[in-house]
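Note: the block below is query-v2.txt and it holds compact mmCIF, C-alpha atoms.
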# COMPACT_ATOMS: atom_id res chain seq x y z
CA MET G 124 184.50 -138.01 255.15
CA GLU G 125 185.11 -139.30 251.61
CA ARG G 126 184.64 -136.59 249.03
CA GLN G 127 181.51 -137.38 247.01
CA ILE G 128 182.09 -134.90 244.21
CA THR G 129 185.04 -135.93 242.07
CA PRO G 130 186.50 -134.48 238.87
CA HIS G 131 185.37 -137.60 236.99
CA LEU G 132 181.67 -136.91 237.44
CA MET G 133 179.72 -135.52 234.50
CA VAL G 134 178.79 -131.88 234.99
CA ALA G 135 175.10 -132.59 234.29
CA ASP G 136 175.05 -135.31 236.99
CA VAL G 137 176.63 -132.98 239.53
CA LEU G 138 174.12 -130.21 238.79
CA ALA G 139 171.20 -132.63 238.97
CA ARG G 140 172.33 -134.31 242.17
CA TRP G 141 173.43 -131.20 244.07
CA PRO G 142 171.41 -128.29 242.61
CA GLU G 143 172.71 -126.14 245.47
CA VAL G 144 176.07 -125.87 243.66
CA ILE G 145 174.48 -124.03 240.71
CA PRO G 146 175.31 -120.58 242.17
CA VAL G 147 178.99 -121.57 242.31
CA PHE G 148 178.97 -122.31 238.56
CA ILE G 149 177.15 -119.08 237.83
CA HIS G 150 179.54 -117.08 240.02
CA HIS G 151 182.44 -118.35 237.90
CA ARG G 152 180.52 -117.37 234.76
CA MET G 153 180.45 -120.99 233.61
CA ALA G 154 177.84 -121.79 230.95
CA CYS G 155 177.29 -125.35 232.24
CA VAL G 156 173.87 -124.79 233.82
CA GLY G 157 171.28 -125.82 231.24
CA CYS G 158 173.92 -126.60 228.61
CA SER G 159 173.38 -129.58 226.26
CA MET G 160 177.05 -130.48 226.54
CA ALA G 161 177.00 -130.76 230.35
CA ALA G 162 176.00 -134.40 229.96
CA PHE G 163 179.19 -135.10 228.02
CA GLU G 164 181.88 -133.20 229.91
CA THR G 165 183.30 -134.06 233.31
CA LEU G 166 183.82 -131.59 236.09
CA GLY G 167 187.55 -131.90 235.38
CA ASP G 168 186.98 -130.96 231.70
CA ALA G 169 184.96 -127.93 232.75
CA LEU G 170 187.63 -126.75 235.19
CA SER G 171 190.38 -126.92 232.59
CA ILE G 172 188.18 -125.23 229.96
CA TYR G 173 187.58 -122.31 232.31
CA GLY G 174 191.10 -122.34 233.70
CA LEU G 175 189.89 -122.78 237.26
CA GLU G 176 191.98 -124.12 240.10
CA ALA G 177 190.49 -127.46 241.16
CA GLU G 178 191.18 -127.43 244.91
CA ALA G 179 189.63 -123.99 245.47
CA PHE G 180 186.65 -124.87 243.29
CA PHE G 181 185.94 -128.09 245.17
CA ILE G 182 186.07 -126.26 248.51
CA GLN G 183 183.42 -123.86 247.18
CA LEU G 184 181.25 -126.76 245.97
CA GLU G 185 181.44 -128.46 249.33
CA LYS G 186 180.62 -125.24 251.15
CA ALA G 187 177.54 -124.89 248.96
CA ILE G 188 176.40 -128.42 249.72
CA GLN G 189 177.16 -128.49 253.43
CA PRO G 190 174.45 -126.19 254.85
CA CYS G 191 171.75 -128.31 253.15
CA THR G 192 173.18 -131.54 254.52
CA LEU G 193 173.29 -130.05 258.00
CA ARG G 194 169.72 -128.85 257.78
CA GLN G 195 168.55 -132.32 256.78
CA GLU G 196 170.34 -133.81 259.74
CA GLU G 197 168.67 -131.39 262.14
CA GLN G 198 165.20 -132.49 261.04
CA MET X 273 150.98 -160.24 230.06
CA THR X 274 153.27 -157.28 229.61
CA GLU X 275 154.81 -157.12 226.19
CA PRO X 276 158.55 -156.52 226.43
CA VAL X 277 158.34 -153.40 224.27
CA TYR X 278 156.22 -151.67 226.97
CA ASP X 279 159.04 -151.84 229.49
CA GLN X 280 161.78 -150.37 227.35
CA PRO X 281 163.30 -147.21 228.86
CA ALA X 282 162.41 -145.11 225.80
CA LEU X 283 158.71 -145.70 226.52
CA VAL X 284 158.86 -145.68 230.33
CA GLU X 285 160.70 -142.34 230.23
CA SER X 286 158.80 -141.09 227.18
CA GLU X 287 157.28 -137.62 226.98
CA PHE X 288 153.74 -138.99 227.29
CA LEU X 289 154.22 -141.78 229.83
CA GLN X 290 156.90 -140.43 232.18
CA GLY X 291 155.81 -140.77 235.80
CA LEU X 292 152.74 -142.90 235.10
CA PRO X 293 152.29 -146.06 237.16
CA ALA X 294 153.26 -149.22 235.28
CA GLN X 295 149.72 -150.54 235.00
CA ASP X 296 148.50 -147.27 233.43
CA ARG X 297 151.41 -147.27 231.03
CA VAL X 298 150.63 -150.82 229.96
CA ALA X 299 146.93 -149.98 229.55
CA ILE X 300 147.73 -146.94 227.39
CA LEU X 301 150.28 -148.79 225.26
CA GLY X 302 147.96 -151.80 225.07
CA VAL X 303 145.46 -149.88 222.93
CA ALA X 304 148.15 -148.30 220.75
CA GLN X 305 148.71 -149.32 217.18
CA ARG X 306 152.27 -150.53 216.60
CA ARG X 307 153.83 -149.84 213.29
CA PRO X 308 157.37 -150.57 212.11
CA VAL X 309 158.68 -148.08 209.54
CA GLU X 310 161.73 -149.06 207.53
CA ARG X 311 164.60 -146.66 206.94
CA ASP X 312 163.87 -144.21 204.07
CA HIS X 313 160.15 -145.00 204.16
CA PHE X 314 157.51 -142.41 204.98
CA LEU X 315 155.17 -142.75 207.95
CA LEU X 316 152.98 -140.02 206.53
CA ARG X 317 153.05 -137.13 204.08
CA GLN X 318 152.48 -133.42 204.43
CA GLY X 319 148.78 -132.77 203.75
CA ASP X 320 147.53 -136.14 204.97
CA PRO X 321 144.52 -135.79 207.28
CA ALA X 322 145.78 -135.68 210.88
CA ASP X 323 143.93 -138.25 212.92
CA ARG X 324 146.57 -139.92 215.06
CA VAL X 325 148.89 -139.04 217.93
CA TYR X 326 152.31 -140.69 217.77
CA LEU X 327 155.07 -141.81 220.10
CA LEU X 328 158.39 -143.10 218.81
CA ALA X 329 159.49 -146.32 220.53
CA GLN X 330 162.64 -147.08 218.51
CA GLY X 331 164.65 -145.59 215.67
CA ARG X 332 164.83 -142.05 214.35
CA LEU X 333 162.43 -139.95 212.28
CA ARG X 334 162.80 -136.77 210.26
CA LEU X 335 160.03 -134.20 210.05
CA SER X 336 160.29 -132.06 206.96
CA THR X 337 158.21 -129.72 204.91
CA VAL X 338 158.47 -128.38 201.37
CA THR X 339 158.25 -124.63 200.90
CA THR X 340 156.21 -123.02 198.11
CA ASP X 341 159.38 -122.58 196.06
CA GLY X 342 160.15 -126.28 196.36
CA GLN X 343 162.93 -126.23 198.97
CA GLU X 344 162.85 -128.96 201.59
CA VAL X 345 163.11 -127.69 205.16
CA ILE X 346 163.84 -130.06 208.05
CA VAL X 347 161.66 -129.10 210.97
CA ARG X 348 163.23 -131.46 213.46
CA TYR X 349 164.33 -135.00 214.20
CA VAL X 350 162.39 -137.27 216.52
CA ALA X 351 164.28 -139.48 219.00
CA PRO X 352 162.88 -142.51 220.87
CA GLY X 353 160.52 -141.45 223.65
CA GLU X 354 159.36 -138.30 221.89
CA GLY X 355 155.75 -137.67 220.96
CA PHE X 356 154.67 -136.03 217.73
CA GLY X 357 151.57 -135.14 215.79
CA VAL X 358 149.83 -134.02 218.98
CA ALA X 359 148.77 -130.54 217.91
CA ALA X 360 147.64 -131.62 214.47
CA ALA X 361 145.58 -134.51 215.77
CA LEU X 362 143.90 -132.50 218.52
CA LYS X 363 143.02 -129.73 216.12
CA ASP X 364 141.70 -131.96 213.33
CA ILE X 365 143.80 -130.43 210.58
CA THR X 366 146.14 -131.94 208.01
CA TYR X 367 149.73 -132.79 208.91
CA PRO X 368 151.99 -129.80 208.25
CA VAL X 369 155.04 -132.03 207.74
CA SER X 370 156.11 -135.26 206.08
CA ILE X 371 157.61 -137.87 208.38
CA GLU X 372 160.31 -140.20 207.15
CA ALA X 373 162.32 -142.83 209.00
CA VAL X 374 166.08 -142.24 208.87
CA GLU X 375 166.65 -145.50 210.74
CA ASN X 376 164.44 -148.57 211.05
CA SER X 377 161.82 -147.39 213.51
CA LEU X 378 158.89 -148.54 215.62
CA VAL X 379 156.02 -146.11 216.07
CA MET X 380 153.16 -146.35 218.57
CA SER X 381 150.01 -144.38 217.80
CA TRP X 382 146.45 -143.74 218.91
CA ASP X 383 143.55 -142.35 216.89
CA ARG X 384 142.16 -139.03 218.07
CA ALA X 385 139.08 -140.45 219.84
CA THR X 386 141.07 -143.07 221.71
CA PHE X 387 143.72 -140.57 222.78
CA ALA X 388 141.00 -138.17 224.01
CA GLN X 389 139.43 -140.95 226.09
CA LEU X 390 142.82 -141.92 227.48
CA MET X 391 143.53 -138.31 228.49
CA GLU X 392 140.23 -138.15 230.38
CA ARG X 393 140.91 -141.40 232.12
CA TYR X 394 144.59 -140.67 232.90
CA PRO X 395 144.94 -136.95 233.65
CA ARG X 396 148.68 -137.41 234.01
CA LEU X 397 148.81 -138.38 230.32
CA ALA X 398 147.01 -135.13 229.44
CA MET X 399 149.52 -133.16 231.53
CA GLN X 400 152.41 -134.86 229.81
CA ALA X 401 150.93 -134.21 226.35
CA MET X 402 150.54 -130.54 227.27
CA GLN X 403 154.12 -130.36 228.43
CA THR X 404 155.21 -131.90 225.15
CA LEU X 405 153.33 -129.19 223.28
CA ALA X 406 154.73 -126.46 225.51
CA PHE X 407 158.25 -127.73 224.94
CA ARG X 408 157.79 -127.81 221.15
CA MET X 409 156.35 -124.32 221.19
CA ARG X 410 159.33 -123.03 223.10
CA GLU X 411 161.70 -124.70 220.62
CA MET X 412 159.84 -123.18 217.69
CA GLN X 413 159.96 -119.72 219.26
CA ASP X 414 163.69 -120.07 219.78
CA ARG X 415 164.16 -121.11 216.19
CA VAL X 416 162.09 -118.26 214.80
CA ARG X 417 164.26 -115.87 216.78
CA GLU X 418 167.43 -117.56 215.54
CA LEU X 419 166.34 -117.32 211.92
CA GLN X 420 165.37 -113.68 212.30
CA THR X 421 168.41 -112.42 214.04
CA GLU X 422 171.35 -114.72 214.28
CA ARG X 423 174.25 -115.22 211.98
CA VAL X 424 174.61 -118.47 210.18
CA GLU X 425 177.52 -119.93 212.19
CA ARG X 426 175.47 -119.53 215.31
CA ARG X 427 172.44 -121.21 213.74
CA ILE X 428 174.51 -124.19 212.65
CA ALA X 429 176.14 -124.48 216.09
CA ARG X 430 172.71 -124.37 217.74
CA ALA X 431 171.33 -127.00 215.37
CA LEU X 432 174.22 -129.29 216.30
CA LEU X 433 173.59 -128.66 220.02
CA ARG X 434 169.92 -129.52 219.61
CA LEU X 435 170.95 -132.78 217.96
CA VAL X 436 173.46 -133.46 220.73
CA ARG X 437 170.77 -133.01 223.35
CA GLN X 438 168.61 -135.58 221.55
CA THR X 439 171.09 -138.06 220.19
CA GLY X 440 174.55 -137.19 221.52
CA ARG X 441 176.85 -140.05 222.46
CA LYS X 442 180.14 -139.67 224.32
CA VAL X 443 183.02 -141.27 222.44
CA GLU X 444 186.76 -141.29 223.00
CA THR X 445 187.46 -138.20 220.89
CA GLY X 446 184.38 -136.13 221.63
CA VAL X 447 180.62 -136.19 221.30
CA LEU X 448 179.12 -138.01 218.33
CA ILE X 449 175.78 -137.07 216.84
CA ASP X 450 174.35 -140.53 216.64
CA LEU X 451 172.22 -140.24 213.53
CA PRO X 452 172.86 -140.19 209.79
CA LEU X 453 173.24 -136.47 209.11
CA THR X 454 174.37 -134.92 205.82
CA ARG X 455 175.48 -131.34 205.17
CA GLN X 456 172.32 -130.92 203.11
CA ASP X 457 170.30 -131.95 206.20
CA LEU X 458 172.07 -129.29 208.25
CA ALA X 459 171.40 -126.69 205.55
CA GLU X 460 167.73 -127.56 205.63
CA MET X 461 167.62 -127.39 209.42
CA THR X 462 169.18 -123.96 209.54
CA GLY X 463 167.57 -122.25 206.58
CA THR X 464 170.81 -121.88 204.67
CA THR X 465 172.53 -123.45 201.66
CA LEU X 466 174.65 -126.55 201.29
CA TYR X 467 177.50 -124.29 200.20
CA THR X 468 177.36 -122.26 203.41
CA VAL X 469 177.18 -125.34 205.65
CA SER X 470 180.18 -126.85 203.86
CA ARG X 471 182.16 -123.63 204.23
CA VAL X 472 181.39 -123.34 207.96
CA LEU X 473 182.03 -127.02 208.70
CA SER X 474 185.35 -126.91 206.81
CA GLN X 475 186.41 -123.88 208.86
CA TRP X 476 185.43 -125.64 212.06
CA GLU X 477 187.18 -128.77 210.97
CA GLN X 478 190.42 -126.88 210.36
CA ALA X 479 190.09 -125.28 213.77
CA GLY X 480 189.71 -128.72 215.37
CA LEU X 481 186.15 -128.09 216.48
CA VAL X 482 184.39 -130.86 214.59
CA GLU X 483 185.08 -133.81 212.37
CA SER X 484 182.53 -134.51 209.70
CA GLY X 485 182.45 -137.48 207.45
CA ARG X 486 179.70 -138.78 205.23
CA GLU X 487 176.46 -138.63 207.21
CA ARG X 488 178.41 -138.22 210.42
CA VAL X 489 179.35 -135.33 212.69
CA LEU X 490 181.70 -135.63 215.64
CA ILE X 491 182.11 -132.67 217.96
CA ARG X 492 185.69 -132.60 219.15
CA ALA X 493 185.58 -129.39 221.14
CA PRO X 494 182.14 -129.31 222.77
CA HIS X 495 182.72 -126.15 224.77
CA ARG X 496 183.92 -124.16 221.77
CA LEU X 497 180.76 -125.09 219.90
CA VAL X 498 178.72 -123.86 222.87
CA THR X 499 180.75 -120.66 222.78
CA ILE X 500 179.66 -120.07 219.18
CA ALA X 501 176.06 -121.13 219.77
CA GLU X 502 175.60 -118.96 222.84
CA ASP X 503 177.87 -116.11 221.74
CA LEU X 504 179.97 -116.46 224.88
CA PRO X 505 183.32 -114.74 225.29
CA PRO X 506 185.84 -117.12 223.64
CA GLN X 507 188.48 -117.00 226.37
CA PRO X 508 186.98 -116.82 229.85
CA THR X 509 189.06 -115.09 232.48
CA PRO X 510 190.75 -117.62 234.74
CA ASP X 511 189.68 -117.19 238.32
CA LYS X 512 192.90 -116.64 240.14
Would you give me this structure, written as structure tokens?
Amino acid sequence: MERQITPHLMVADVLARWPEVIPVFIHHRMACVGCSMAAFETLGDALSIYGLEAEAFFIQLEKAIQPCTLRQEEQ
Amino acid sequence: MTEPVYDQPALVESEFLQGLPAQDRVAILGVAQRRPVERDHFLLRQGDPADRVYLLAQGRLRLSTVTTDGQEVIVRYVAPGEGFGVAAALKDITYPVSIEAVENSLVMSWDRATFAQLMERYPRLAMQAMQTLAFRMREMQDRVRELQTERVERRIARALLRLVRQTGRKVETGVLIDLPLTRQDLAEMTGTTLYTVSRVLSQWEQAGLVESGRERVLIRAPHRLVTIAEDLPPQPTPDK
């Protein structure tokens, strides 16, 4: 399946669209949740600011989203 | 017929009208008084009797008050879609602030009796007005705490973040605060002096954090400003 979350998305859009990824941000001690600047920085910006490795981070985001998607499909 | 102004996003998504069905929104706006206010003109002055509730449709307003020792203090800026004057009008007091347009603006307003009738007829409007008040109260509490406890760099950083939330615009080199903003304005927003604001902004400018020209502030390193505002550790540990 095509990856929906890309590094070009604004952090605020990602958090609004997939709120289930919020714990991932918090786990990495990222200040993005609730931040005024989240609307102006991309996911890619945030990763480089925090020195996080993109591939690993995206796997965690997808893991966080997946269970919810599955649950919806079961209904 | 629907007037075009009623459909503009600033009003549809406004603090008072968000989530209301279109016909209710049109009915509420239909009984509003519409008033253009030119840049540098006052909508009202501190001490005027408060008898109207306002919603900004276009432009930008500055709410300020003068202290007993004559210093002007900027309480906040109003962006399109924001309501103001709610508490004063409901309580039948005088306005605690003067309101001046910093850009050519269009203001919608209702007198107290009309707004009360509208709130009875459209409970959702009453809910929205309450949320507006709750949000303002929370902002005021935060600011009181800032002024009591926080160092001046942090207050200035937070003031800039508040402005970004309201009026920030992404540009090539960073985030631009899209409103005419002088260093004196920032001093008045943060309860400090022009000298201090200039010193802090110059430091930040040298460090590549901001760029400030006449009436213009560009934030070049958004995250570093957040770091100052929120007192975060400057260099987060990379997750390896």
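Here CA of Tyr367 in chain X is placed at a distance of 24.1 Å from CA of Glu392 in chain X.
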Mind checking which residues fall within 6 Å of Arg488 in chain X, counting all atoms listed in the file, ignoring those fewer than 2 positions away in the same chain, and posting them as a PyMOL selection string?
-> chain X and resi 452-453+484-486
Pull the closest atom pair for each residue of chain X that gets at most 12 Å from chain G, along with the distance in Å to one decimal, counting all atoms listed in the file, ordering rows by chain and then ascending residue number, as a tab-separated table.
residue	atom	partner	partner_atom	distance
X:Ala429	CA	G:Ser159	CA	11.7
X:Arg430	CA	G:Ser159	CA	10.0
X:Ala431	CA	G:Ser159	CA	11.4
X:Leu432	CA	G:Ser159	CA	10.0
X:Leu433	CA	G:Ser159	CA	6.3
X:Arg434	CA	G:Ser159	CA	7.5
X:Leu435	CA	G:Ser159	CA	9.2
X:Val436	CA	G:Ser159	CA	6.8
X:Arg437	CA	G:Ser159	CA	5.2
X:Gln438	CA	G:Ser159	CA	9.0
X:Thr439	CA	G:Ser159	CA	10.7
X:Gly440	CA	G:Phe163	CA	8.3
X:Arg441	CA	G:Phe163	CA	7.8
X:Lys442	CA	G:Phe163	CA	6.0
X:Val443	CA	G:Phe163	CA	9.2
X:Glu444	CA	G:Phe163	CA	11.0
X:Thr445	CA	G:Phe163	CA	11.4
X:Gly446	CA	G:Phe163	CA	8.3
X:Val447	CA	G:Phe163	CA	7.0
X:Leu448	CA	G:Phe163	CA	10.1
X:Ile449	CA	G:Met160	CA	11.8
X:Ile491	CA	G:Met160	CA	10.2
X:Arg492	CA	G:Phe163	CA	11.3
X:Ala493	CA	G:Ile172	CA	10.1
X:Pro494	CA	G:Met160	CA	6.4
X:His495	CA	G:Met160	CA	7.4
X:Arg496	CA	G:Ile172	CA	9.3
X:Leu497	CA	G:Met160	CA	9.3
X:Val498	CA	G:Met160	CA	7.8
X:Thr499	CA	G:Ala154	CA	8.7
X:Ala501	CA	G:Cys158	CA	10.6
X:Glu502	CA	G:Ala154	CA	8.9
X:Asp503	CA	G:Ala154	CA	10.8
X:Leu504	CA	G:Ala154	CA	8.4
X:Pro505	CA	G:Arg152	CA	10.2
X:Pro506	CA	G:Tyr173	CA	10.3
X:Gln507	CA	G:Tyr173	CA	8.0
X:Pro508	CA	G:Tyr173	CA	6.0
X:Thr509	CA	G:Tyr173	CA	7.4
X:Pro510	CA	G:Gly174	CA	4.8
X:Asp511	CA	G:Leu175	CA	5.7
X:Lys512	CA	G:Leu175	CA	7.4
For CA of Gly167 in chain G and CA of Ile145 in chain G, determine how far apart the two atoms are, in Å to one decimal place.
->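 Separation of CA of Gly167 in chain G and CA of Ile145 in chain G: 16.2 Å.
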Quick one, how far is CA of Val134 in chain G from CA of Asp450 in chain X?
->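 Going from CA of Val134 in chain G over to CA of Asp450 in chain X covers 20.8 Å.
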Can you tell me, as JSON, numbers by chain, what residues are no more than 6 Å from range 328-340 of chain X when counting all atoms listed in the file, ignoring any on the same chain fewer than 2 positions away?
-> {"X": [342, 343, 344, 345, 346, 347, 348, 349, 350, 351, 352, 353, 354, 369, 370, 371, 372, 373, 374, 375, 376, 377, 378, 379]}
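With only C-alpha atoms taken into account, the protein and nucleic acid residues at most 12 Å from Thr129 in chain G (excluding it and anything under 4 positions from it in its own chain) are Glu125, Met133, Val134, Asp136, Val137, Thr165, Leu166, Gly167, Asp168, Leu170, Ala177, Glu178, Phe180, Phe181, Ile182, Leu184 and Glu185 of chain G.
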Among X:Met399, X:Gln413, X:Ser470, X:Met380, Pro308 in chain X is approached most closely, using all atoms listed in the file, by X:Met380
Select, counting only C-alpha atoms, all protein, DNA and RNA residues no farther than 10 Å from (148.2, -129.0, 206.4) in file coordinates, and express the selection as JSON, numbers by chain.
-> {"X": [317, 318, 319, 320, 321, 322, 360, 364, 365, 366, 367, 368, 369]}
List the neighbours of Leu292 in chain X out to 12 Å using only C-alpha atoms; skip same-chain residues closer than 5 positions along the sequence, and give me the result as a list of chain:residue names.
->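 The neighbour list is X:Leu283, X:Val284, X:Glu285, X:Ser286, X:Glu287, X:Arg297, X:Val298, X:Ala299, X:Ile300, X:Leu301, X:Tyr394, X:Pro395, X:Arg396, X:Leu397, X:Ala398, X:Met399, X:Gln400.
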From the set X:Gln295, X:Ser381, X:Gln305, X:Thr462, which residue has the shortest atom-to-atom contact distance to Tyr326 in chain X, counting all atoms listed in the file?
->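 Closest to Tyr326 in chain X, using all atoms listed in the file: X:Ser381.
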